[in-house]
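Heads up, final19.tsv below (TSV, C-alpha atoms):
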```
chain	number	residue	atom	x	y	z
A	1	MET	CA	-20.82	98.73	204.96
A	2	ASN	CA	-21.69	96.27	202.19
A	3	TYR	CA	-25.34	95.44	202.68
A	4	PRO	CA	-26.57	92.15	201.24
A	5	SER	CA	-29.67	93.84	199.84
A	6	LYS	CA	-30.73	97.24	198.53
A	7	LEU	CA	-33.95	96.94	200.55
A	8	ILE	CA	-31.96	96.56	203.76
A	9	GLU	CA	-29.69	99.45	202.83
A	10	ASN	CA	-32.69	101.66	202.16
A	11	ALA	CA	-34.39	100.76	205.44
A	12	VAL	CA	-31.17	101.30	207.41
A	13	GLU	CA	-30.67	104.71	205.84
A	14	GLU	CA	-34.20	105.86	206.57
A	15	ILE	CA	-34.12	104.60	210.18
A	16	ALA	CA	-30.70	106.18	210.77
A	17	LYS	CA	-32.22	109.61	210.01
A	18	LEU	CA	-34.07	109.40	213.34
A	19	PRO	CA	-32.39	111.25	216.23
A	20	GLY	CA	-29.98	109.15	218.31
A	21	ILE	CA	-29.91	106.22	215.89
A	22	GLY	CA	-26.73	105.20	214.09
A	23	LYS	CA	-26.40	102.78	211.20
A	24	LYS	CA	-25.50	99.85	213.45
A	25	SER	CA	-28.63	100.25	215.58
A	26	ALA	CA	-30.68	100.79	212.42
A	27	LEU	CA	-29.39	97.52	210.97
A	28	ARG	CA	-30.16	95.73	214.24
A	29	MET	CA	-33.74	97.06	214.11
A	30	THR	CA	-34.17	96.10	210.46
A	31	LEU	CA	-32.99	92.53	211.07
A	32	HIS	CA	-35.21	92.38	214.16
A	33	LEU	CA	-38.25	93.32	212.07
A	34	LEU	CA	-37.33	90.68	209.49
A	35	LYS	CA	-37.40	88.00	212.19
A	36	ARG	CA	-40.79	89.08	213.53
A	37	ASP	CA	-44.24	88.68	212.11
A	38	GLU	CA	-44.96	90.84	209.06
A	39	ARG	CA	-47.91	92.41	210.90
A	40	GLN	CA	-45.59	94.11	213.38
A	41	THR	CA	-43.79	95.97	210.60
A	42	LEU	CA	-47.04	96.93	208.91
A	43	ALA	CA	-48.46	98.19	212.23
A	44	LEU	CA	-45.33	100.27	212.80
A	45	ALA	CA	-45.41	101.75	209.30
A	46	GLU	CA	-49.12	102.53	209.62
A	47	ALA	CA	-48.68	104.19	213.02
A	48	LEU	CA	-45.93	106.40	211.58
A	49	ILE	CA	-47.99	107.40	208.55
A	50	ASN	CA	-51.06	108.08	210.72
A	51	VAL	CA	-49.23	110.16	213.29
A	52	ARG	CA	-47.62	112.28	210.58
A	53	THR	CA	-50.61	112.80	208.31
A	54	LYS	CA	-53.56	112.87	210.73
A	55	ILE	CA	-52.13	114.77	213.67
A	56	GLN	CA	-53.81	118.04	214.63
A	57	HIS	CA	-52.87	120.93	216.84
A	58	CYS	CA	-55.16	122.45	219.45
A	59	LYS	CA	-56.55	125.70	218.02
A	60	GLN	CA	-56.06	127.49	221.32
A	61	CYS	CA	-52.75	126.30	222.80
A	62	PHE	CA	-51.15	124.65	219.70
A	63	ASN	CA	-50.35	121.50	221.63
A	64	ILE	CA	-50.74	118.23	219.73
A	65	SER	CA	-54.31	117.03	219.86
A	66	ASP	CA	-56.70	114.53	218.29
A	67	SER	CA	-59.44	117.15	218.02
A	68	ASP	CA	-59.85	120.91	217.46
A	69	PHE	CA	-59.28	121.72	221.11
A	70	CYS	CA	-57.02	119.61	223.35
A	71	ASN	CA	-57.97	117.83	226.57
A	72	ILE	CA	-56.21	120.40	228.70
A	73	CYS	CA	-57.85	123.46	227.12
A	74	THR	CA	-61.31	121.88	227.39
A	75	SER	CA	-60.89	120.57	230.95
A	76	PRO	CA	-63.10	122.42	233.49
A	77	LYS	CA	-60.58	121.60	236.22
A	78	ARG	CA	-57.85	123.85	234.82
A	79	ASP	CA	-57.38	127.48	235.79
A	80	PRO	CA	-57.60	129.69	232.66
A	81	ALA	CA	-56.07	132.66	234.48
A	82	ILE	CA	-52.56	131.17	234.42
A	83	LEU	CA	-50.77	130.42	231.19
A	84	ILE	CA	-47.39	128.75	230.81
A	85	VAL	CA	-45.49	129.40	227.57
A	86	VAL	CA	-43.40	126.41	226.46
A	87	GLU	CA	-41.30	125.42	223.47
A	88	ASP	CA	-42.96	122.15	222.42
A	89	THR	CA	-45.12	119.17	223.30
A	90	ARG	CA	-42.32	117.42	225.18
A	91	ASP	CA	-42.30	120.28	227.67
A	92	VAL	CA	-46.07	119.98	228.12
A	93	LEU	CA	-45.64	116.27	228.89
A	94	ALA	CA	-42.77	116.96	231.29
A	95	ILE	CA	-44.77	119.62	233.17
A	96	GLU	CA	-47.95	117.50	233.23
A	97	ASN	CA	-45.92	114.67	234.77
A	98	THR	CA	-45.01	116.87	237.73
A	99	ALA	CA	-48.75	117.34	238.53
A	100	GLN	CA	-47.79	120.78	239.93
A	101	PHE	CA	-49.41	122.96	237.30
A	102	ARG	CA	-53.18	123.43	236.96
A	103	GLY	CA	-53.24	126.29	234.45
A	104	LEU	CA	-53.24	126.21	230.66
A	105	TYR	CA	-50.44	126.00	228.08
A	106	HIS	CA	-49.29	127.95	225.09
A	107	VAL	CA	-46.97	125.95	222.82
A	108	LEU	CA	-44.67	128.16	220.72
A	109	GLY	CA	-43.49	125.37	218.42
A	110	GLY	CA	-39.83	126.27	218.89
A	111	VAL	CA	-37.59	129.04	220.17
A	112	ILE	CA	-35.97	132.01	218.44
A	113	SER	CA	-32.75	130.76	216.88
A	114	PRO	CA	-31.04	132.97	214.28
A	115	LEU	CA	-28.57	130.15	213.55
A	116	GLU	CA	-31.37	127.84	212.46
A	117	GLY	CA	-33.24	130.68	210.79
A	118	ILE	CA	-36.13	130.64	213.27
A	119	GLY	CA	-37.45	134.13	213.99
A	120	PRO	CA	-40.38	135.36	216.12
A	121	SER	CA	-42.77	135.10	213.17
A	122	ASP	CA	-42.15	131.35	212.90
A	123	LEU	CA	-43.46	130.88	216.44
A	124	LYS	CA	-46.93	131.23	217.91
A	125	ILE	CA	-46.11	134.57	219.55
A	126	GLU	CA	-48.67	136.71	217.68
A	127	ALA	CA	-51.22	134.01	218.51
A	128	LEU	CA	-50.27	134.36	222.18
A	129	LEU	CA	-50.91	138.12	222.11
A	130	GLN	CA	-54.18	137.56	220.28
A	131	ARG	CA	-55.20	134.91	222.80
A	132	ILE	CA	-54.53	137.25	225.71
A	133	ALA	CA	-56.48	140.07	223.99
A	134	ASP	CA	-59.43	137.79	223.16
A	135	LYS	CA	-59.78	136.61	226.75
A	136	LYS	CA	-59.48	140.10	228.25
A	137	ASP	CA	-62.53	141.11	230.31
A	138	THR	CA	-64.10	137.63	229.96
A	139	GLU	CA	-64.31	135.06	232.76
A	140	ASP	CA	-61.28	133.32	231.18
A	141	GLU	CA	-59.08	136.41	231.46
A	142	ILE	CA	-55.37	135.56	231.60
A	143	LYS	CA	-53.75	137.17	234.63
A	144	GLU	CA	-50.33	135.54	234.73
A	145	VAL	CA	-47.98	134.32	232.01
A	146	ILE	CA	-45.23	131.95	233.15
A	147	LEU	CA	-42.25	131.71	230.80
A	148	GLY	CA	-41.47	127.98	230.88
A	149	LEU	CA	-38.53	128.09	228.48
A	150	SER	CA	-35.20	126.28	228.82
A	151	PRO	CA	-32.40	128.42	230.30
A	152	THR	CA	-30.38	128.29	227.08
A	153	MET	CA	-29.28	131.10	224.82
A	154	GLU	CA	-32.27	130.54	222.50
A	155	GLY	CA	-34.72	130.09	225.37
A	156	ASP	CA	-33.53	133.27	227.09
A	157	THR	CA	-33.73	135.25	223.82
A	158	THR	CA	-37.28	134.06	223.27
A	159	ALA	CA	-38.25	134.86	226.86
A	160	PHE	CA	-36.76	138.36	226.49
A	161	TYR	CA	-38.64	138.98	223.23
A	162	ILE	CA	-41.97	137.78	224.65
A	163	THR	CA	-41.52	139.86	227.81
A	164	LYS	CA	-40.94	142.96	225.71
A	165	ARG	CA	-44.15	142.30	223.76
A	166	LEU	CA	-46.23	141.51	226.84
A	167	LYS	CA	-45.00	144.29	229.10
A	168	LEU	CA	-47.62	146.86	228.11
A	169	LEU	CA	-50.54	144.48	228.64
A	170	GLY	CA	-50.30	144.86	232.41
A	171	LEU	CA	-50.35	141.18	233.35
A	172	LYS	CA	-48.03	139.38	235.71
A	173	ILE	CA	-45.03	137.79	233.95
A	174	THR	CA	-43.03	135.15	235.80
A	175	THR	CA	-40.44	132.55	234.85
A	176	ILE	CA	-39.75	129.07	236.17
A	177	ALA	CA	-37.11	129.09	238.93
A	178	ARG	CA	-33.51	128.49	237.93
A	179	GLY	CA	-30.93	127.17	240.35
A	180	ILE	CA	-29.28	124.06	241.68
A	181	PRO	CA	-31.45	121.00	240.83
A	182	ILE	CA	-33.04	119.18	243.76
A	183	GLY	CA	-30.64	116.39	244.77
A	184	GLY	CA	-27.84	118.13	242.86
A	185	ASN	CA	-24.42	118.52	244.38
A	186	LEU	CA	-23.07	122.08	244.81
A	187	GLU	CA	-19.53	121.12	243.87
A	188	TYR	CA	-20.68	119.69	240.53
A	189	ALA	CA	-22.92	122.63	239.59
A	190	ASP	CA	-21.55	124.78	236.79
A	191	GLU	CA	-20.30	128.23	237.81
A	192	ILE	CA	-23.01	130.20	236.01
A	193	THR	CA	-25.85	128.26	237.64
A	194	LEU	CA	-24.22	128.46	241.05
A	195	GLY	CA	-23.39	132.14	240.67
A	196	ARG	CA	-26.92	133.05	239.58
A	197	SER	CA	-28.46	130.92	242.31
A	198	ILE	CA	-26.55	133.04	244.85
A	199	VAL	CA	-27.46	136.36	243.22
A	200	SER	CA	-31.14	135.41	242.98
A	201	ARG	CA	-31.35	133.72	246.38
A	202	VAL	CA	-34.78	133.41	248.02
A	203	SER	CA	-35.80	133.76	251.64
A	204	TYR	CA	-35.62	130.50	253.59
A	205	GLU	CA	-39.04	129.24	254.65
B	1	MET	CA	-47.37	108.83	230.52
B	2	ASN	CA	-50.38	110.87	229.46
B	3	TYR	CA	-49.99	111.38	225.73
B	4	PRO	CA	-51.79	114.36	224.19
B	5	SER	CA	-52.98	112.20	221.29
B	6	LYS	CA	-53.91	108.58	220.59
B	7	LEU	CA	-51.93	108.78	217.34
B	8	ILE	CA	-48.78	109.71	219.25
B	9	GLU	CA	-49.39	106.98	221.82
B	10	ASN	CA	-49.83	104.42	219.08
B	11	ALA	CA	-46.66	105.48	217.26
B	12	VAL	CA	-44.66	105.50	220.49
B	13	GLU	CA	-45.83	102.01	221.37
B	14	GLU	CA	-44.97	100.59	217.98
B	15	ILE	CA	-41.54	102.23	217.89
B	16	ALA	CA	-40.78	101.08	221.45
B	17	LYS	CA	-41.16	97.46	220.31
B	18	LEU	CA	-37.88	97.83	218.42
B	19	PRO	CA	-34.82	96.51	220.24
B	20	GLY	CA	-32.96	99.05	222.38
B	21	ILE	CA	-35.69	101.70	222.19
B	22	GLY	CA	-37.60	102.84	225.27
B	23	LYS	CA	-40.73	104.95	225.37
B	24	LYS	CA	-38.80	108.18	225.92
B	25	SER	CA	-36.66	107.68	222.82
B	26	ALA	CA	-39.73	106.58	220.87
B	27	LEU	CA	-41.52	109.81	221.83
B	28	ARG	CA	-38.46	111.84	220.84
B	29	MET	CA	-38.45	110.14	217.42
B	30	THR	CA	-42.18	110.66	216.94
B	31	LEU	CA	-41.96	114.38	217.73
B	32	HIS	CA	-38.91	114.62	215.47
B	33	LEU	CA	-40.89	113.16	212.57
B	34	LEU	CA	-43.73	115.60	213.25
B	35	LYS	CA	-41.36	118.52	212.86
B	36	ARG	CA	-39.89	117.24	209.59
B	37	ASP	CA	-41.34	117.11	206.13
B	38	GLU	CA	-44.12	114.57	205.68
B	39	ARG	CA	-42.12	112.91	202.90
B	40	GLN	CA	-39.47	111.74	205.35
B	41	THR	CA	-42.03	109.78	207.36
B	42	LEU	CA	-43.59	108.31	204.25
B	43	ALA	CA	-40.17	107.25	202.93
B	44	LEU	CA	-39.38	105.60	206.26
B	45	ALA	CA	-42.71	103.76	206.37
B	46	GLU	CA	-42.31	102.63	202.77
B	47	ALA	CA	-38.74	101.40	203.35
B	48	LEU	CA	-39.95	99.36	206.33
B	49	ILE	CA	-42.84	97.82	204.42
B	50	ASN	CA	-40.62	97.04	201.42
B	51	VAL	CA	-37.86	95.46	203.44
B	52	ARG	CA	-40.31	93.25	205.29
B	53	THR	CA	-42.53	92.18	202.41
B	54	LYS	CA	-40.12	92.04	199.47
B	55	ILE	CA	-37.00	90.61	201.06
B	56	GLN	CA	-35.73	87.27	199.76
B	57	HIS	CA	-33.26	84.75	201.02
B	58	CYS	CA	-30.53	83.22	198.89
B	59	LYS	CA	-31.64	79.72	197.92
B	60	GLN	CA	-28.18	78.33	198.57
B	61	CYS	CA	-26.83	80.04	201.71
B	62	PHE	CA	-30.06	81.57	203.13
B	63	ASN	CA	-28.44	84.95	203.54
B	64	ILE	CA	-30.64	87.96	202.80
B	65	SER	CA	-30.63	88.75	199.10
B	66	ASP	CA	-32.43	90.78	196.46
B	67	SER	CA	-32.44	87.84	194.03
B	68	ASP	CA	-32.66	84.04	194.08
B	69	PHE	CA	-28.95	83.65	194.72
B	70	CYS	CA	-26.90	86.19	196.67
B	71	ASN	CA	-23.87	88.16	195.48
B	72	ILE	CA	-21.50	86.02	197.50
B	73	CYS	CA	-22.79	82.65	196.24
B	74	THR	CA	-22.68	83.83	192.62
B	75	SER	CA	-19.26	85.49	192.84
B	76	PRO	CA	-16.58	83.66	190.80
B	77	LYS	CA	-13.93	85.02	193.19
B	78	ARG	CA	-15.11	82.99	196.17
B	79	ASP	CA	-13.79	79.54	197.06
B	80	PRO	CA	-16.71	77.07	197.15
B	81	ALA	CA	-14.61	74.45	198.99
B	82	ILE	CA	-14.80	76.33	202.30
B	83	LEU	CA	-18.10	76.98	204.03
B	84	ILE	CA	-18.60	78.98	207.20
B	85	VAL	CA	-21.76	78.26	209.20
B	86	VAL	CA	-23.14	81.37	210.95
B	87	GLU	CA	-26.20	82.31	212.97
B	88	ASP	CA	-27.57	85.23	210.94
B	89	THR	CA	-26.97	88.00	208.42
B	90	ARG	CA	-25.27	90.23	210.98
B	91	ASP	CA	-22.50	87.63	211.30
B	92	VAL	CA	-22.09	87.56	207.51
B	93	LEU	CA	-21.68	91.34	207.51
B	94	ALA	CA	-19.20	91.21	210.40
B	95	ILE	CA	-17.09	88.54	208.69
B	96	GLU	CA	-17.26	90.28	205.29
B	97	ASN	CA	-16.00	93.46	206.95
B	98	THR	CA	-12.83	91.67	208.07
B	99	ALA	CA	-12.00	90.85	204.39
B	100	GLN	CA	-10.29	87.70	205.72
B	101	PHE	CA	-12.69	85.08	204.41
B	102	ARG	CA	-13.01	84.14	200.73
B	103	GLY	CA	-15.22	81.06	201.06
B	104	LEU	CA	-19.02	80.80	201.09
B	105	TYR	CA	-21.58	81.10	203.87
B	106	HIS	CA	-24.38	79.03	205.29
B	107	VAL	CA	-26.81	81.06	207.40
B	108	LEU	CA	-28.68	78.95	209.97
B	109	GLY	CA	-31.25	81.62	210.83
B	110	GLY	CA	-30.67	81.22	214.57
B	111	VAL	CA	-29.13	78.86	217.11
B	112	ILE	CA	-30.57	75.96	219.10
B	113	SER	CA	-32.24	77.44	222.17
B	114	PRO	CA	-34.60	75.20	224.17
B	115	LEU	CA	-35.60	78.21	226.30
B	116	GLU	CA	-36.90	80.07	223.25
B	117	GLY	CA	-38.31	76.87	221.75
B	118	ILE	CA	-35.85	76.81	218.84
B	119	GLY	CA	-34.82	73.27	217.92
B	120	PRO	CA	-32.57	71.93	215.12
B	121	SER	CA	-35.55	71.60	212.78
B	122	ASP	CA	-36.17	75.38	212.98
B	123	LEU	CA	-32.71	76.02	211.55
B	124	LYS	CA	-31.21	75.39	208.11
B	125	ILE	CA	-29.26	72.34	209.30
B	126	GLU	CA	-30.92	69.76	207.03
B	127	ALA	CA	-30.36	72.20	204.17
B	128	LEU	CA	-26.66	72.29	205.10
B	129	LEU	CA	-26.38	68.50	204.92
B	130	GLN	CA	-28.27	68.51	201.64
B	131	ARG	CA	-26.03	71.24	200.26
B	132	ILE	CA	-22.89	69.27	201.17
B	133	ALA	CA	-24.35	66.11	199.61
B	134	ASP	CA	-25.40	67.92	196.42
B	135	LYS	CA	-21.94	69.41	195.87
B	136	LYS	CA	-20.11	66.14	196.56
B	137	ASP	CA	-17.98	64.98	193.59
B	138	THR	CA	-18.65	68.17	191.65
B	139	GLU	CA	-16.11	70.95	191.11
B	140	ASP	CA	-17.86	72.87	193.93
B	141	GLU	CA	-17.26	70.11	196.48
B	142	ILE	CA	-17.20	71.39	200.06
B	143	LYS	CA	-14.03	70.28	201.82
B	144	GLU	CA	-14.06	72.30	205.02
B	145	VAL	CA	-16.87	73.52	207.25
B	146	ILE	CA	-15.96	76.29	209.68
B	147	LEU	CA	-18.32	76.65	212.64
B	148	GLY	CA	-18.59	80.43	212.98
B	149	LEU	CA	-20.96	80.45	215.94
B	150	SER	CA	-20.76	82.66	219.02
B	151	PRO	CA	-19.09	81.01	222.04
B	152	THR	CA	-22.30	81.10	224.07
B	153	MET	CA	-24.28	78.23	225.54
B	154	GLU	CA	-26.64	78.22	222.53
B	155	GLY	CA	-23.83	78.65	220.00
B	156	ASP	CA	-21.85	75.79	221.53
B	157	THR	CA	-24.90	73.51	221.62
B	158	THR	CA	-25.57	74.23	217.96
B	159	ALA	CA	-21.92	73.65	217.03
B	160	PHE	CA	-21.97	70.35	218.93
B	161	TYR	CA	-25.14	69.21	217.18
B	162	ILE	CA	-23.88	70.14	213.72
B	163	THR	CA	-20.52	68.42	214.35
B	164	LYS	CA	-22.33	65.21	215.32
B	165	ARG	CA	-24.36	65.31	212.10
B	166	LEU	CA	-21.36	66.16	209.89
B	167	LYS	CA	-18.84	63.77	211.42
B	168	LEU	CA	-19.60	60.82	209.14
B	169	LEU	CA	-19.30	62.88	205.95
B	170	GLY	CA	-15.52	62.86	206.16
B	171	LEU	CA	-14.92	66.59	205.68
B	172	LYS	CA	-12.74	68.87	207.74
B	173	ILE	CA	-14.61	70.61	210.56
B	174	THR	CA	-13.01	73.63	212.21
B	175	THR	CA	-14.20	76.42	214.47
B	176	ILE	CA	-13.20	80.07	214.73
B	177	ALA	CA	-10.42	80.60	217.30
B	178	ARG	CA	-11.44	81.55	220.81
B	179	GLY	CA	-9.09	83.37	223.15
B	180	ILE	CA	-8.06	86.76	224.42
B	181	PRO	CA	-9.21	89.45	221.95
B	182	ILE	CA	-6.45	91.35	220.12
B	183	GLY	CA	-5.70	94.46	222.14
B	184	GLY	CA	-7.40	92.89	225.17
B	185	ASN	CA	-5.82	93.04	228.58
B	186	LEU	CA	-5.07	89.71	230.31
B	187	GLU	CA	-6.08	90.97	233.73
B	188	TYR	CA	-9.53	91.97	232.50
B	189	ALA	CA	-10.24	88.71	230.61
B	190	ASP	CA	-12.81	86.47	232.28
B	191	GLU	CA	-11.46	83.30	233.88
B	192	ILE	CA	-13.09	80.88	231.44
B	193	THR	CA	-11.67	82.62	228.37
B	194	LEU	CA	-8.22	82.95	229.97
B	195	GLY	CA	-8.27	79.34	231.23
B	196	ARG	CA	-9.27	77.96	227.84
B	197	SER	CA	-6.77	80.14	226.02
B	198	ILE	CA	-4.02	78.51	228.11
B	199	VAL	CA	-5.32	74.95	227.62
B	200	SER	CA	-5.67	75.45	223.86
B	201	ARG	CA	-2.43	77.42	223.41
B	202	VAL	CA	-0.86	77.50	219.93
B	203	SER	CA	2.80	77.37	218.91
B	204	TYR	CA	4.46	80.80	218.70
B	205	GLU	CA	5.41	81.72	215.16
```
Can you present the structure in this file as structure tokens?
Amino acid sequence: MNYPSKLIENAVEEIAKLPGIGKKSALRMTLHLLKRDERQTLALAEALINVRTKIQHCKQCFNISDSDFCNICTSPKRDPAILIVVEDTRDVLAIENTAQFRGLYHVLGGVISPLEGIGPSDLKIEALLQRIADKKDTEDEIKEVILGLSPTMEGDTTAFYITKRLKLLGLKITTIARGIPIGGNLEYADEITLGRSIVSRVSYE
Amino acid sequence: MNYPSKLIENAVEEIAKLPGIGKKSALRMTLHLLKRDERQTLALAEALINVRTKIQHCKQCFNISDSDFCNICTSPKRDPAILIVVEDTRDVLAIENTAQFRGLYHVLGGVISPLEGIGPSDLKIEALLQRIADKKDTEDEIKEVILGLSPTMEGDTTAFYITKRLKLLGLKITTIARGIPIGGNLEYADEITLGRSIVSRVSYE
């Protein structure tokens, strides 16, 4: 496209680098900002710079945090005996929204993906082992580790690797249930999900 | 949603003010930026600030421009006798992409919309009359004004108002053709478009 201005072209190109945004949407956003008060654009730019440069990670669970330790890790209402291992902050938010989990988190910061060059050492797996060892024989001892990873190739690989590392520590290792989603229709479920949900059926209560 | 950090919340809220972006997409973008190099975020913020604070408008057609007069107004290849009146820069881009128009533009900066409190004085209508008067009896005299406004209530109101103001100046006033879109299916056209396309039928060539 022939932009009327280099400044517009530059803004469109930077916005279009965001996930899910094409050049047409980026142009729409740029022209929208031009119509609005200058303060809105400055506030947006400042918020982006601040979030990128000032953000911290919790020193215990590696979730995003405004301080050294996050709200969840420091909350007295959470049960430190149960730990759920997740890929990133989005998963923490998704699980928190269910209000079904009262334990603590451990955010890996990704999953093992040879294609993208991400190996175990790029993730917070050693930190997980260290965390379990540190808490052993204290009142915060971790008794159960839930693998809260997506049932994808990368998620399963990561879960397998972590299980192998944790096995000797003698704690309970569980994984989130896989199967037909609540409200899902059997006939539209993919064969692998349906097949596995039959193999790993549970007793009806 | 319960964000793990005020910085994230702030960024999400500012991004979600953009058109077509909800809080979920905004969060996805924020977390994406956090995973990428800091330079990407800084480049984005800088592009936004630059586009908003440094942008200029062409002094003749009011299109967005990097200099006092835009590329189109200063091009010797364009025909200054034909002027198309459009709502905003997006329309200029859309028309330029067709490569069917070799005249000049006049960007109103909006359309008359009583609901949004936009009246004729908020638009570049007086500037249009002035422009036509200034060029009169010069070699750049404007002979035809095409109303290139969207066939919406606001677009039609604006076209009607401009026509009333231009009528006495004795130049040709035309409007872009309305009808069934090329490739469109008669049975799916709305009744008003189909009805009008029959009333204002053209001779078959």
For chain A, work out the contacting residues on chain B at 7 Å, counting only C-alpha atoms, and write them as a CSV table (one decimal) with C-alpha atoms, keeping the file's coordinate frame.
```csv
chain,number,residue,atom,x,y,z
B,4,PRO,CA,-51.8,114.4,224.2
B,5,SER,CA,-53.0,112.2,221.3
B,6,LYS,CA,-53.9,108.6,220.6
B,7,LEU,CA,-51.9,108.8,217.3
B,8,ILE,CA,-48.8,109.7,219.2
B,10,ASN,CA,-49.8,104.4,219.1
B,11,ALA,CA,-46.7,105.5,217.3
B,14,GLU,CA,-45.0,100.6,218.0
B,15,ILE,CA,-41.5,102.2,217.9
B,18,LEU,CA,-37.9,97.8,218.4
B,19,PRO,CA,-34.8,96.5,220.2
B,29,MET,CA,-38.4,110.1,217.4
B,34,LEU,CA,-43.7,115.6,213.2
B,38,GLU,CA,-44.1,114.6,205.7
B,41,THR,CA,-42.0,109.8,207.4
B,42,LEU,CA,-43.6,108.3,204.2
B,44,LEU,CA,-39.4,105.6,206.3
B,45,ALA,CA,-42.7,103.8,206.4
B,47,ALA,CA,-38.7,101.4,203.4
B,48,LEU,CA,-40.0,99.4,206.3
B,49,ILE,CA,-42.8,97.8,204.4
B,50,ASN,CA,-40.6,97.0,201.4
B,51,VAL,CA,-37.9,95.5,203.4
B,52,ARG,CA,-40.3,93.2,205.3
B,64,ILE,CA,-30.6,88.0,202.8
B,65,SER,CA,-30.6,88.8,199.1
B,66,ASP,CA,-32.4,90.8,196.5
```
Requested in this report: Would you please work out which residue, of A:Ala159, A:Leu123, A:Leu169, A:Leu108, is nearest to A:Ile142 when using all atoms listed in the file?
Outcome: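 Nearest to A:Ile142: A:Leu169.
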Query - Atom-to-atom span, atom CA of A:Ser113 and atom CA of A:Thr174, Å - result: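 Spanning atom CA of A:Ser113 to atom CA of A:Thr174 is a straight-line distance of 22.0 Å.
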Requested in this report: Might you pull out every residue within 12 Å of A:Leu171, with only C-alpha atoms counted and same-chain residues fewer than 5 positions away left off, and present them as a ChimeraX atom specification?
Outcome: /A:81-83,129,132-133,136,141-146,163,165-166
Query - Selected residue, from B:Phe69, B:Ser150, B:Ala127, B:Asp79, that lies nearest to B:Asp91 when counting only C-alpha atoms - result: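 Going through B:Phe69, B:Ser150, B:Ala127, B:Asp79 one by one, the smallest distance to B:Asp91 is for B:Ser150.
When only C-alpha atoms are used to compute distances to B:Ile118, the closest of the residues B:Asp68, B:Glu154, B:Glu205, B:Asp190 turns out to be B:Glu154.
In this model, the gap between atom CA of A:Arg131 and atom CA of A:Ile112 comes to 19.9 Å.
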Query raised in the report: By how many Å are atom CA of B:Gln60 and atom CA of B:Val85 apart?
Result: 12.4 Å
Mind filling out stretch 188-198 of chain A with N, CA, C and O atoms and sending it as an mmCIF file, in the frame of the given file?
```cif
data_model
loop_
_atom_site.group_PDB
_atom_site.id
_atom_site.type_symbol
_atom_site.label_atom_id
_atom_site.label_comp_id
_atom_site.auth_asym_id
_atom_site.auth_seq_id
_atom_site.Cartn_x
_atom_site.Cartn_y
_atom_site.Cartn_z
ATOM 1 N N TYR A 188 -20.612 120.061 241.939
ATOM 2 C CA TYR A 188 -20.680 119.690 240.530
ATOM 3 C C TYR A 188 -21.504 120.674 239.688
ATOM 4 O O TYR A 188 -21.609 120.515 238.477
ATOM 5 N N ALA A 189 -22.121 121.653 240.339
ATOM 6 C CA ALA A 189 -22.920 122.630 239.590
ATOM 7 C C ALA A 189 -21.970 123.513 238.777
ATOM 8 O O ALA A 189 -20.866 123.817 239.218
ATOM 9 N N ASP A 190 -22.407 123.898 237.567
ATOM 10 C CA ASP A 190 -21.550 124.780 236.790
ATOM 11 C C ASP A 190 -21.541 126.169 237.415
ATOM 12 O O ASP A 190 -22.455 126.535 238.160
ATOM 13 N N GLU A 191 -20.492 126.949 237.125
ATOM 14 C CA GLU A 191 -20.300 128.230 237.810
ATOM 15 C C GLU A 191 -21.441 129.216 237.556
ATOM 16 O O GLU A 191 -21.823 129.961 238.442
ATOM 17 N N ILE A 192 -21.969 129.213 236.325
ATOM 18 C CA ILE A 192 -23.010 130.200 236.010
ATOM 19 C C ILE A 192 -24.270 129.910 236.818
ATOM 20 O O ILE A 192 -24.843 130.807 237.440
ATOM 21 N N THR A 193 -24.668 128.622 236.871
ATOM 22 C CA THR A 193 -25.850 128.260 237.640
ATOM 23 C C THR A 193 -25.646 128.603 239.118
ATOM 24 O O THR A 193 -26.507 129.204 239.764
ATOM 25 N N LEU A 194 -24.487 128.220 239.635
ATOM 26 C CA LEU A 194 -24.220 128.460 241.050
ATOM 27 C C LEU A 194 -24.180 129.952 241.349
ATOM 28 O O LEU A 194 -24.801 130.430 242.307
ATOM 29 N N GLY A 195 -23.485 130.696 240.479
ATOM 30 C CA GLY A 195 -23.390 132.140 240.670
ATOM 31 C C GLY A 195 -24.764 132.795 240.665
ATOM 32 O O GLY A 195 -25.109 133.554 241.578
ATOM 33 N N ARG A 196 -25.591 132.437 239.662
ATOM 34 C CA ARG A 196 -26.920 133.050 239.580
ATOM 35 C C ARG A 196 -27.801 132.632 240.733
ATOM 36 O O ARG A 196 -28.668 133.381 241.167
ATOM 37 N N SER A 197 -27.603 131.388 241.226
ATOM 38 C CA SER A 197 -28.460 130.920 242.310
ATOM 39 C C SER A 197 -28.126 131.658 243.604
ATOM 40 O O SER A 197 -28.936 131.733 244.522
ATOM 41 N N ILE A 198 -26.913 132.225 243.682
ATOM 42 C CA ILE A 198 -26.550 133.040 244.850
ATOM 43 C C ILE A 198 -27.135 134.440 244.694
ATOM 44 O O ILE A 198 -27.765 134.976 245.606
#
```
